[in-house]
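Working notes, structure below.
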Amino acid sequence: MGGSLTVSERILFHLQSFTKYEDKYEVPYHMTQDGISQSCGISRAHAAIELKKLKSSGLVEERLSHVKRGKARRKVYLLSHEGKSKASAILQYVQENGIDPAVDPTKVHAEASAARRKSAIRSTPMPAARYFFGREKELSDLGGALEDPARKLVVIRGIPGIGKTTLAVKLLSEVSGHMVFWYSVRPWDTPRNIAESMGRFFSENGSRRLDAYLASGGFELGEMSFLLRELLAENGHIFAFDDADASDAVQEFLQMFRHSSGAGKILMTVEGESELYEKSEIVASGEAFECELGGLSRSAALELLRTRGIGDDVGKELVDVANGHPLSLEMVTKTTPKEARSQLSRFFEEKFYNGLSDDQKSLLQLSSVFQKPFPAEAIPRGLRGVRKGSMLRETEPGRFEIHASVRDFVYGHMAADERSRWHSAAADHYLRSDDPNERLLHLFKANRTLEAEMLIARLGESLLDSGNVTRLWQILEHHDPVKPRYRLDVQIAKARIAGMLGRYNDAWRLLEEVSRDGDDAAKAEALVEMGRIRSRQGTVEDASRLFDEALTKAEHIPNIRAKALRGLGVVESRMENPGRAQELLEKSARDSLSAMDTKGMQKAHLELGNVLMAQGEFEKAVEHFSKCAAGFGPVDLAGTYLNLGVAHSHLGQLGDARQHLENATRLCEETGQPRTRAQAHVILSEVLIKMGDPASAREHCFEALEVFSELDDRPGVSAAYANLGMVEHLTGNGDASEEYYKESISALDGVDDVKSVADSKRHLGQMLVESGEQDRGSALIEESTKLTRSGPADDPAGLDARRGHT
């Protein structure tokens with residue numbers, strides 16, 4: 001311990017005041033993650049990182065407990081036996097040395113309960129909502145729609161049990177200044193049931209005209225429309241119809257009421273597409289607003305399960321089974337995924353599936369095999385008539401899907417031959433719409449494996465241009481090719497995908513088979529891919545040898561020779577031989593041109609841009625990257641955006657750099673490239689630091705840290721911690737900054753990555769010098785200089801901002 005406490009020490013110091021609660025049923029808010037962060041003066045995200053480290057080191061224990069004045073059990077943190085000993089030593093040190101621990105429990109305040117709004121007058125009480133979790137965005141959007149004078153109709157749409165009624169109740173409970181009428185429509189309801197309930201509502205609010213009209217025996221829609229227009233000429237009414245589509249008999253009445261509601265607002269919950277309004281009214285006139293309700297967020301779903309005494313370990317699996325479906329999470333009583341899935345299946349079957357017609361079931365079966373929204377043209381003509389009123393939801397004009405919970409149930413309910421039949425129909429649709437990646441998935445699911453292998457052989461490397469790399473691996477990982485003619489093509493494709501995901505051992509195993517059994521062209525392709533793996537791993541001598549072998553095999557095959565030359569160019573660049581690198585890459589571009597391989601030429605330009613960037617010629621690098629961006633698919637484009645972000649950052653064009661790096665993270669998310677996404681987050685955090693936005697930079701560091709930790713990429717973890725050190729240094733938090741730099745260095749223990757260790761020590765040394773600790777700082781800078789002189793020139797982590805992404 002130095003002259004002040006580290007963040008971890010502050011947390012231990014804080015928790016030692018609450019050891020008396022370790023056996024109590026109810027504990028103070030101070031023992032939650034929020035309470036700890038407030039007391040120690042750190043962000044909640046920072047507290048989460050520190051508590052995770054303290055748990056792994058055995059100093060802190062986590063459990064679920066009831067928190068004072070809280071409605072549900074929450075995670076709280078207590079000192080372990082070893083933690084108490086450590087905390088006692090910290091307390092003694094603070095007292096003996098007169099140190100300010102920077103811990104203040106008086107700053108801890110649980111979120112104040114929202115002030116109760118004045119209740120509006122209602123015809124009958126609304127259904128009670130025991131709990132409400134998440135849905136903040138939906139509440140905000142719906143509240144805005146109710147306040148918008150142009151919006152007359154507000155609709156909450158979703159499958160049974162998704163939480164429509166609960167959300168409507170929550171929304172209306174926060175409304176003030178309006179009289180609210182609530183009616184839950186039942187399947188047997190008639191128009192008169194609703195009208196009489198409305199009559200009582202108006203009577204209780206001072207007008208008996210509708211009640212008197214109904215009592216006289218009158219019930220003509222035209223007369224009622226005229227009467228309602230007069231009653232609702234003034235603002236201040238909200239009419240809520242829960243399950244508005246539950247009764248066919250009331251639809252004409254509701255249509256009349258909608259056009260007679262004057263200045264009033266209508267809120268409806270519905271399951272399927274309603275005939276009370278058209279989509280054009282949402283898009284064109286703006287008179288209607290529709291909120292399509294999906295499952296709860298993961299955090300909200302876990303919070304719901306905690307109220308039922310189900311901890312996160314089991315809860316996470318149940319959330320995945322239920323896809324965030326609230327009613328499923330409330331009703332499930334089984335705590336193993338298999339039993340819970342069976343229980344939820346029975347619920348969906350009894351709730352709605354058994355009552356569907358054969359055509360309606362067929363439409364849902366087809367919909368359940370699609371992995372993304374599909375167009376109306378994908379639906380067979382014989383089923384298009386049942387789409388209206390079905391469980392399909394329109395995600396954008398002309399494209400449809402069903403909720404994940406329904407999709408999982410319907411898909412699991414089908415027999416194997418039914419699944420195969422509908423996957424086959426989807427595969428044929430994607431043949432017509434020219435989407436090879438989706439077609440490949442459905443060919444395998446339909447057991448049309450020969451066609452799938454033919455597709456892989458025909459498309460080759462272009463299969464990776466626009467697909468989700470992670471999903472492609474999931475499709476192909478366990479497939480053993482059945483046709484000898486296509487076997488090597490399939491194995492090479494699998495190896496390329498594995499390499500892009502960093503699964504180098506899997507890729508190497510596949511490539512060894514091809515290099516052993518293939519002809520010269522296949523062997524050359526395999527050697528190129530093996531060279532790329534060694535290049536990414538930083539063993540440039542091995543990479544160079546493999547690329548040379550590939551050149552020999554591909555002497556008379558220009559497109560493969562171009563790939564080998566490109567690989568050698570990358571190696572020479574990493575060995576800091578820019579002239580030789582440029583020469584090889586220009587040869588690669590010429591070979592690609594002779595083979596009419598446009599993508600090969602673009603990749604050569606990408607690597608030439610990296611060579612120029614390593615030499616500090618950032619404007620020329622941008623020109624090369626821009627040429628690539630115009631022709632790449634989303635997979636390669638993600639890396640190109642990353643490189644453009646790096647180059648613009650060095651040019652001081654921080655706004656452009658930020659935009660390119662945000663594009664890179666988005667595309668990596670869409671195409672399943674976690675490692676590249678994490679690299680983009682790290683570099684984006686550096687740009688945000690330069691822009692003076694440390695809070696956003698910190699969040700991107702944590703995003704990167706999560707991915708790199710999952711991948712066990714310790715150089716990446718080190719880079720993320722180093723940038724967190726810069727963030728805390730920028731905000732004047734010297735202790736936290738030093739701690740993060742130390743984490744950056746310790747993350748590299750046992751890693752043969754001299755450059756990253758040197759960079760981290762240099763950053764830490766500079767920070768210490770600037771903070772007045774000249775001797776310690778200078779010693780670290782000197783260590784960094786020695787390491788840099790003795791270390792290799794390559795960049796195995798792929799995070800050198802002057803080299804970019806390859």
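Naming works like this for the structure tokens: A, B, ... for the chains as they're shown, residue 1 at the start of each chain, ligands 1 onward in shown order.
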
### Task
Determine, counting only C-alpha atoms, which protein, DNA and RNA residues have an atom within 7 Å of an atom of segment 210-217 of chain A; residues of the same chain fewer than 5 positions away are not included. Present the result as a count of residues only.
4

### Message
Could you list, as JSON, numbers by chain, every residue within 12 Å of Arg384 of chain A, counting only C-alpha atoms and ignoring same-chain residues fewer than 2 positions away?
### Response
{"A": [359, 360, 362, 363, 364, 366, 375, 376, 377, 378, 379, 380, 381, 382, 386, 387, 388, 389, 390, 392]}

Atoms to include: C-alpha atoms. Write the selected residues as a PDB file, in the first residue's frame.
ATOM      1  CA  ASP A 359     -52.766 -23.326 -42.753  1.00  0.00           C
ATOM      2  CA  GLN A 360     -51.995 -21.079 -39.777  1.00  0.00           C
ATOM      3  CA  SER A 362     -48.017 -24.258 -41.636  1.00  0.00           C
ATOM      4  CA  LEU A 363     -47.300 -20.528 -41.872  1.00  0.00           C
ATOM      5  CA  LEU A 364     -45.756 -20.535 -38.385  1.00  0.00           C
ATOM      6  CA  LEU A 366     -42.280 -22.006 -42.302  1.00  0.00           C
ATOM      7  CA  PRO A 375     -40.223 -11.117 -47.503  1.00  0.00           C
ATOM      8  CA  ALA A 376     -43.825 -11.934 -48.354  1.00  0.00           C
ATOM      9  CA  GLU A 377     -42.575 -13.626 -51.557  1.00  0.00           C
ATOM     10  CA  ALA A 378     -41.043 -16.389 -49.410  1.00  0.00           C
ATOM     11  CA  ILE A 379     -44.533 -17.430 -48.268  1.00  0.00           C
ATOM     12  CA  PRO A 380     -46.210 -19.980 -50.592  1.00  0.00           C
ATOM     13  CA  ARG A 381     -49.263 -18.557 -52.343  1.00  0.00           C
ATOM     14  CA  GLY A 382     -51.576 -20.965 -50.556  1.00  0.00           C
ATOM     15  CA  VAL A 386     -53.686 -16.409 -43.426  1.00  0.00           C
ATOM     16  CA  ARG A 387     -50.910 -13.866 -42.764  1.00  0.00           C
ATOM     17  CA  LYS A 388     -53.335 -11.141 -41.662  1.00  0.00           C
ATOM     18  CA  GLY A 389     -54.135 -11.679 -38.002  1.00  0.00           C
ATOM     19  CA  SER A 390     -51.318 -14.210 -37.577  1.00  0.00           C
ATOM     20  CA  LEU A 392     -46.137 -12.700 -37.769  1.00  0.00           C
TER      21      LEU A 392
END

### Query
What lies within 7 Å of Gly645 of chain A using only C-alpha atoms, ignoring chain neighbours under 2 positions off, as a ChimeraX atom specification?
/A:641-643,647-649,657-658,660-661

### Non-local contacts of Thr470 of chain A (9 Å; only C-alpha atoms; under 4 positions in same chain excluded) as a PyMOL selection string
chain A and resi 474-475+497-498+501+671-674

#### Entry: For atom CA of Val514 of chain A and atom CA of Glu451 of chain A, the interatomic separation in Å (one decimal)
21.3 Å

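Interatomic distance, atom CA of Glu287 of chain A to atom CA of Ala145 of chain A: 9.7 Å.
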
### Task
Looking only at helix (DSSP H, G or I) from DSSP on the backbone, list the matching residues of segment 532-676 of chain A as an MDAnalysis selection string.
chainID A and resid 532:537 540:553 558:574 578:594 598:614 618:629 634:650 654:671 674:676
